[in-house]
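> Dumping the structure here so I can ask a few things about it.
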Amino acid sequence: IPFRNLDQYFRKMDRYSTLRAQDMHQQGRRFRSHQLLSHSLFTFFKMYIFRGGVVERIPGLILSILYAYYTFVKYAKLWEIQKNDQSIRST
């Protein structure tokens with residue numbers, strides 16, 4: 001597991017999801033509502049099935065869910081950035 005405890009994971013996740021959402025926005029990537037669910041589910045299955053999380057049992061399940069949550073938050077933050085950007089432009 002690439003973190004010592006859940007507190008450390010959530011601090012890193014918050015920082016990295018913000019940075020990644022900002023980067024995606026700067027690259028011109030557009031938020032689409034389906035991304036919240038489809039990309040998160042894809043991340044879960046990628047981690048749990050294809051990267052061997054299922055073999056690790058509970059730790060693999062937890063890590064797969066956490067990575068899916070990170071993906072969800074990243075796209076939610078992209079939506080928030082773009083929503084705020086649009087409201088600034090319309091004023």
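In the structure tokens, each chain is lettered A, B, ... as it comes, each chain's residues begin at 1, and ligands are numbered from 1 in order of appearance.
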For Gln26 of chain A, list every protein, DNA or RNA residue within 12 Å, evaluated using only C-alpha atoms, and leave out those in the same chain fewer than 4 positions away; present the list as a list in words.

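Once the adjacent positions are removed, what remains is Leu19, Arg20, Ala21, Gln22, Arg30, Leu78, Ile81, Gln82 and Asp85 of chain A.
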
> Excluding Tyr16 of chain A and residues on its chain fewer than 4 positions from it, collect all residues at most 12 Å away from it, counting only C-alpha atoms, and give them as a list in words.

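The filter keeps Tyr9, Phe10, Arg11, Lys12, Arg20, Ala21, Gln22, Asp23, Tyr67, Tyr70, Thr71, Val73, Lys74 and Lys77 of chain A.
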
> Pick out each residue of chain A that DSSP on the backbone tags as helix (DSSP H, G or I); I need them as a PyMOL selection string.

chain A and resi 6-26+34-50+58-89

> For Lys83 of chain A, which residue out of A:Arg32, A:Arg15, A:Leu63, A:Gln27 is the nearest one, using only C-alpha atoms?

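Distance minimum relative to Lys83 of chain A lands on A:Arg32.
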
> Just the number, please: distance in Å from atom CA of Leu36 of chain A to atom CA of Ser64 of chain A, one decimal.

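These atoms are spaced 15.7 Å apart.
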
> If we count only C-alpha atoms and set the cut-off at 10 Å, which residues sit around Phe44 of chain A, ignoring sequence neighbours fewer than 6 positions away in its own chain? Please answer as number ranges by chain.

A: 38, 50-51, 53, 61-69, 71

> Output the selection as a tab-separated table (two decimals), in the first residue's frame - all heavy atoms for each residue.


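Result saved to result_19.tsv:
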```
chain	number	residue	atom	x	y	z
A	38	SER	N	-18.39	6.72	-14.85
A	38	SER	CA	-17.71	5.78	-15.74
A	38	SER	C	-16.21	5.70	-15.47
A	38	SER	O	-15.65	4.60	-15.40
A	38	SER	CB	-17.97	6.14	-17.21
A	38	SER	OG	-17.43	7.40	-17.52
A	50	PHE	N	-7.58	-6.05	-12.86
A	50	PHE	CA	-6.42	-6.12	-13.74
A	50	PHE	C	-5.09	-5.89	-13.04
A	50	PHE	O	-4.06	-6.35	-13.53
A	50	PHE	CB	-6.59	-5.15	-14.92
A	50	PHE	CG	-7.83	-5.42	-15.72
A	50	PHE	CD1	-8.83	-4.49	-15.79
A	50	PHE	CD2	-8.00	-6.63	-16.37
A	50	PHE	CE1	-9.99	-4.75	-16.52
A	50	PHE	CE2	-9.14	-6.90	-17.09
A	50	PHE	CZ	-10.15	-5.96	-17.16
A	51	ARG	N	-5.09	-5.18	-11.94
A	51	ARG	CA	-3.83	-4.94	-11.22
A	51	ARG	C	-3.70	-5.79	-9.98
A	51	ARG	O	-2.83	-5.56	-9.15
A	51	ARG	CB	-3.70	-3.46	-10.87
A	51	ARG	CG	-3.60	-2.59	-12.11
A	51	ARG	CD	-2.43	-1.68	-12.04
A	51	ARG	NE	-2.28	-0.93	-13.27
A	51	ARG	CZ	-2.09	0.37	-13.31
A	51	ARG	NH1	-1.99	1.06	-12.19
A	51	ARG	NH2	-1.95	0.97	-14.47
A	53	GLY	N	-5.78	-6.42	-7.30
A	53	GLY	CA	-6.35	-6.09	-6.00
A	53	GLY	C	-7.15	-7.23	-5.40
A	53	GLY	O	-7.15	-7.44	-4.19
A	61	LEU	N	-9.09	-4.49	-2.02
A	61	LEU	CA	-10.42	-3.90	-2.17
A	61	LEU	C	-10.42	-2.46	-1.69
A	61	LEU	O	-10.93	-1.56	-2.37
A	61	LEU	CB	-11.45	-4.72	-1.39
A	61	LEU	CG	-12.88	-4.18	-1.41
A	61	LEU	CD1	-13.44	-4.18	-2.83
A	61	LEU	CD2	-13.76	-4.99	-0.48
A	62	ILE	N	-9.83	-2.22	-0.53
A	62	ILE	CA	-9.77	-0.86	0.02
A	62	ILE	C	-9.01	0.06	-0.93
A	62	ILE	O	-9.47	1.16	-1.24
A	62	ILE	CB	-9.14	-0.87	1.42
A	62	ILE	CG1	-10.08	-1.55	2.42
A	62	ILE	CG2	-8.79	0.56	1.88
A	62	ILE	CD1	-9.45	-1.83	3.77
A	63	LEU	N	-7.87	-0.37	-1.39
A	63	LEU	CA	-7.07	0.45	-2.29
A	63	LEU	C	-7.81	0.72	-3.60
A	63	LEU	O	-7.78	1.85	-4.09
A	63	LEU	CB	-5.72	-0.23	-2.57
A	63	LEU	CG	-4.68	0.62	-3.28
A	63	LEU	CD1	-4.33	1.86	-2.47
A	63	LEU	CD2	-3.43	-0.21	-3.53
A	64	SER	N	-8.49	-0.25	-4.13
A	64	SER	CA	-9.25	-0.06	-5.37
A	64	SER	C	-10.37	0.95	-5.18
A	64	SER	O	-10.60	1.80	-6.05
A	64	SER	CB	-9.83	-1.40	-5.84
A	64	SER	OG	-8.79	-2.32	-6.12
A	65	ILE	N	-11.06	0.87	-4.06
A	65	ILE	CA	-12.12	1.85	-3.77
A	65	ILE	C	-11.54	3.24	-3.59
A	65	ILE	O	-12.10	4.22	-4.09
A	65	ILE	CB	-12.92	1.40	-2.52
A	65	ILE	CG1	-13.74	0.16	-2.84
A	65	ILE	CG2	-13.81	2.54	-2.02
A	65	ILE	CD1	-14.35	-0.51	-1.62
A	66	LEU	N	-10.40	3.33	-2.91
A	66	LEU	CA	-9.77	4.65	-2.71
A	66	LEU	C	-9.33	5.27	-4.02
A	66	LEU	O	-9.50	6.47	-4.23
A	66	LEU	CB	-8.58	4.53	-1.75
A	66	LEU	CG	-8.95	4.27	-0.29
A	66	LEU	CD1	-7.68	4.02	0.52
A	66	LEU	CD2	-9.76	5.40	0.31
A	67	TYR	N	-8.79	4.48	-4.92
A	67	TYR	CA	-8.38	5.01	-6.22
A	67	TYR	C	-9.60	5.44	-7.04
A	67	TYR	O	-9.56	6.44	-7.75
A	67	TYR	CB	-7.55	3.99	-6.99
A	67	TYR	CG	-6.09	4.04	-6.65
A	67	TYR	CD1	-5.63	3.65	-5.40
A	67	TYR	CD2	-5.15	4.47	-7.57
A	67	TYR	CE1	-4.29	3.69	-5.07
A	67	TYR	CE2	-3.79	4.52	-7.25
A	67	TYR	CZ	-3.38	4.12	-6.00
A	67	TYR	OH	-2.05	4.19	-5.69
A	68	ALA	N	-10.68	4.68	-6.94
A	68	ALA	CA	-11.92	5.07	-7.64
A	68	ALA	C	-12.46	6.37	-7.05
A	68	ALA	O	-12.92	7.26	-7.78
A	68	ALA	CB	-12.96	3.96	-7.52
A	69	TYR	N	-12.37	6.52	-5.74
A	69	TYR	CA	-12.82	7.75	-5.08
A	69	TYR	C	-11.97	8.94	-5.53
A	69	TYR	O	-12.48	10.02	-5.80
A	69	TYR	CB	-12.77	7.58	-3.56
A	69	TYR	CG	-13.19	8.81	-2.81
A	69	TYR	CD1	-14.50	9.28	-2.87
A	69	TYR	CD2	-12.28	9.51	-2.03
A	69	TYR	CE1	-14.88	10.43	-2.18
A	69	TYR	CE2	-12.65	10.65	-1.34
A	69	TYR	CZ	-13.96	11.10	-1.42
A	69	TYR	OH	-14.32	12.23	-0.74
A	71	THR	N	-10.52	9.30	-8.37
A	71	THR	CA	-10.94	9.61	-9.73
A	71	THR	C	-12.24	10.41	-9.71
A	71	THR	O	-12.38	11.40	-10.42
A	71	THR	CB	-11.10	8.32	-10.55
A	71	THR	OG1	-9.85	7.63	-10.56
A	71	THR	CG2	-11.53	8.61	-11.98
```

> Quick check, in Å to one decimal: how far apart do atom CA of Ser17 of chain A and atom CA of Ala76 of chain A lie?

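Taking atom CA of Ser17 of chain A and atom CA of Ala76 of chain A, their separation equals 9.4 Å.
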
> Could you tell me how far atom CA of Leu37 of chain A lies from atom CA of Arg57 of chain A, in Å and to one decimal?

23.4 Å
